[in-house]
Amino acid sequence: TTHHIDHIIPVYYYKLEEIHKAFNPLNLRWLPAKENMSRQNNITSQDWKIIETLPKEIYPQSIKENK
């Protein structure tokens with residue numbers, strides 16, 4: 001596999017009751033497999049620029065509390 005579907009906001013940040021937000025199509029993107037595997041649960045500065053363009057309704061509670 002050369003590419004993976006990546007969660008821009010990693011699933012790790014979502015509580016179980018809000019996990020459906022993690023699978024919103026706006027939170028998904030194609031990434032080279034190697035890059036996706038290296039990200040783990042980290043959010044890069046480039047990711048934050050993308051996250052800021054996403055609708056607040058798909059943010060996990062953990063990010064809303066820290067912003």
# chains A, B, ... in the order shown; residues from 1 in each chain; ligands from 1
call {"tool": "residues_around", "arguments": {"residues": "Gln46 of chain A", "least_positions_apart": "6", "cutoff": "12 Å", "atoms": "only C-alpha atoms", "output": "ChimeraX atom specification"}}
result
/A:8-9,39,52-53
call {"tool": "select_by_dssp", "arguments": {"residues": "chain A", "states": "helix (DSSP H, G or I)", "output": "number ranges by chain"}}
result
A: 11-13, 16-22, 25-27, 33-39, 45-51, 56-58, 61-66
call {"tool": "closest_residue", "arguments": {"among": "A:Val11, A:Ile5, A:Leu26, A:Ile43", "to": "Glu57 of chain A", "atoms": "only C-alpha atoms"}}
result
A:Leu26
call {"tool": "select_by_dssp", "arguments": {"residues": "segment 7-59 of chain A", "states": "strand (DSSP E)", "output": "list of chain:residue names"}}
result
A:His7, A:Leu28, A:Arg29, A:Trp30, A:Leu31, A:Pro32
call {"tool": "write_last_selection", "arguments": {"atoms": "all heavy atoms", "output": "mmCIF file, in the first residue's frame"}}
result
data_model
loop_
_atom_site.group_PDB
_atom_site.id
_atom_site.type_symbol
_atom_site.label_atom_id
_atom_site.label_comp_id
_atom_site.auth_asym_id
_atom_site.auth_seq_id
_atom_site.Cartn_x
_atom_site.Cartn_y
_atom_site.Cartn_z
ATOM 1 N N HIS A 7 -6.583 10.613 9.243
ATOM 2 C CA HIS A 7 -7.450 11.531 9.980
ATOM 3 C C HIS A 7 -6.622 12.781 10.289
ATOM 4 O O HIS A 7 -5.580 12.676 10.952
ATOM 5 C CB HIS A 7 -7.932 10.909 11.296
ATOM 6 C CG HIS A 7 -8.827 9.740 11.091
ATOM 7 N ND1 HIS A 7 -8.359 8.460 10.871
ATOM 8 C CD2 HIS A 7 -10.173 9.663 11.050
ATOM 9 C CE1 HIS A 7 -9.383 7.649 10.709
ATOM 10 N NE2 HIS A 7 -10.491 8.347 10.816
ATOM 11 N N LEU A 28 -10.709 13.731 6.700
ATOM 12 C CA LEU A 28 -9.944 12.650 6.067
ATOM 13 C C LEU A 28 -9.161 13.174 4.870
ATOM 14 O O LEU A 28 -9.601 14.109 4.191
ATOM 15 C CB LEU A 28 -10.889 11.536 5.620
ATOM 16 C CG LEU A 28 -11.759 10.922 6.701
ATOM 17 C CD1 LEU A 28 -12.732 9.923 6.083
ATOM 18 C CD2 LEU A 28 -10.934 10.273 7.788
ATOM 19 N N ARG A 29 -8.000 12.572 4.642
ATOM 20 C CA ARG A 29 -7.179 12.928 3.482
ATOM 21 C C ARG A 29 -6.287 11.742 3.126
ATOM 22 O O ARG A 29 -6.028 10.867 3.954
ATOM 23 C CB ARG A 29 -6.317 14.151 3.771
ATOM 24 C CG ARG A 29 -5.303 13.891 4.888
ATOM 25 C CD ARG A 29 -4.493 15.102 5.201
ATOM 26 N NE ARG A 29 -3.719 14.849 6.434
ATOM 27 C CZ ARG A 29 -2.997 15.747 7.038
ATOM 28 N NH1 ARG A 29 -2.931 16.971 6.554
ATOM 29 N NH2 ARG A 29 -2.334 15.447 8.129
ATOM 30 N N TRP A 30 -5.800 11.731 1.898
ATOM 31 C CA TRP A 30 -4.828 10.730 1.462
ATOM 32 C C TRP A 30 -3.447 11.208 1.840
ATOM 33 O O TRP A 30 -3.094 12.364 1.606
ATOM 34 C CB TRP A 30 -4.874 10.558 -0.052
ATOM 35 C CG TRP A 30 -6.059 9.791 -0.547
ATOM 36 C CD1 TRP A 30 -7.171 10.316 -1.129
ATOM 37 C CD2 TRP A 30 -6.253 8.388 -0.498
ATOM 38 N NE1 TRP A 30 -8.044 9.309 -1.445
ATOM 39 C CE2 TRP A 30 -7.505 8.110 -1.067
ATOM 40 C CE3 TRP A 30 -5.491 7.320 -0.015
ATOM 41 C CZ2 TRP A 30 -8.010 6.823 -1.181
ATOM 42 C CZ3 TRP A 30 -5.994 6.049 -0.133
ATOM 43 C CH2 TRP A 30 -7.238 5.812 -0.715
ATOM 44 N N LEU A 31 -2.656 10.326 2.430
ATOM 45 C CA LEU A 31 -1.257 10.617 2.719
ATOM 46 C C LEU A 31 -0.413 9.433 2.291
ATOM 47 O O LEU A 31 -0.872 8.287 2.350
ATOM 48 C CB LEU A 31 -1.025 10.815 4.225
ATOM 49 C CG LEU A 31 -1.274 12.163 4.859
ATOM 50 C CD1 LEU A 31 -0.843 12.132 6.322
ATOM 51 C CD2 LEU A 31 -0.558 13.285 4.151
ATOM 52 N N PRO A 32 0.829 9.688 1.883
ATOM 53 C CA PRO A 32 1.723 8.550 1.644
ATOM 54 C C PRO A 32 1.796 7.703 2.912
ATOM 55 O O PRO A 32 1.822 8.232 4.033
ATOM 56 C CB PRO A 32 3.064 9.204 1.330
ATOM 57 C CG PRO A 32 2.701 10.564 0.807
ATOM 58 C CD PRO A 32 1.469 10.965 1.590
#
call {"tool": "closest_residue", "arguments": {"among": "A:Ser45, A:Gln40, A:Lys34, A:His20", "to": "Pro60 of chain A", "atoms": "only C-alpha atoms"}}
result
A:His20
call {"tool": "closest_residue", "arguments": {"among": "A:Pro10, A:Asn24, A:Gln61, A:Ile19", "to": "Thr44 of chain A", "atoms": "only C-alpha atoms"}}
result
A:Pro10
call {"tool": "residues_around", "arguments": {"residues": "Glu35 of chain A", "least_positions_apart": "6", "cutoff": "12 Å", "atoms": "only C-alpha atoms", "output": "PyMOL selection string"}}
result
chain A and resi 2-6+42+44
call {"tool": "closest_residue", "arguments": {"among": "A:Asn36, A:Tyr14, A:Thr1, A:Asp47", "to": "Ile63 of chain A", "atoms": "only C-alpha atoms"}}
result
A:Tyr14
call {"tool": "atom_distance", "arguments": {"atom1": "atom CA of Tyr59 of chain A", "atom2": "atom CA of Asn41 of chain A"}}
result
15.1 Å
call {"tool": "atom_distance", "arguments": {"atom1": "atom CA of Lys56 of chain A", "atom2": "atom CA of Ala33 of chain A"}}
result
27.4 Å
call {"tool": "atom_distance", "arguments": {"atom1": "atom CA of Lys15 of chain A", "atom2": "atom CA of Ile58 of chain A"}}
result
12.2 Å
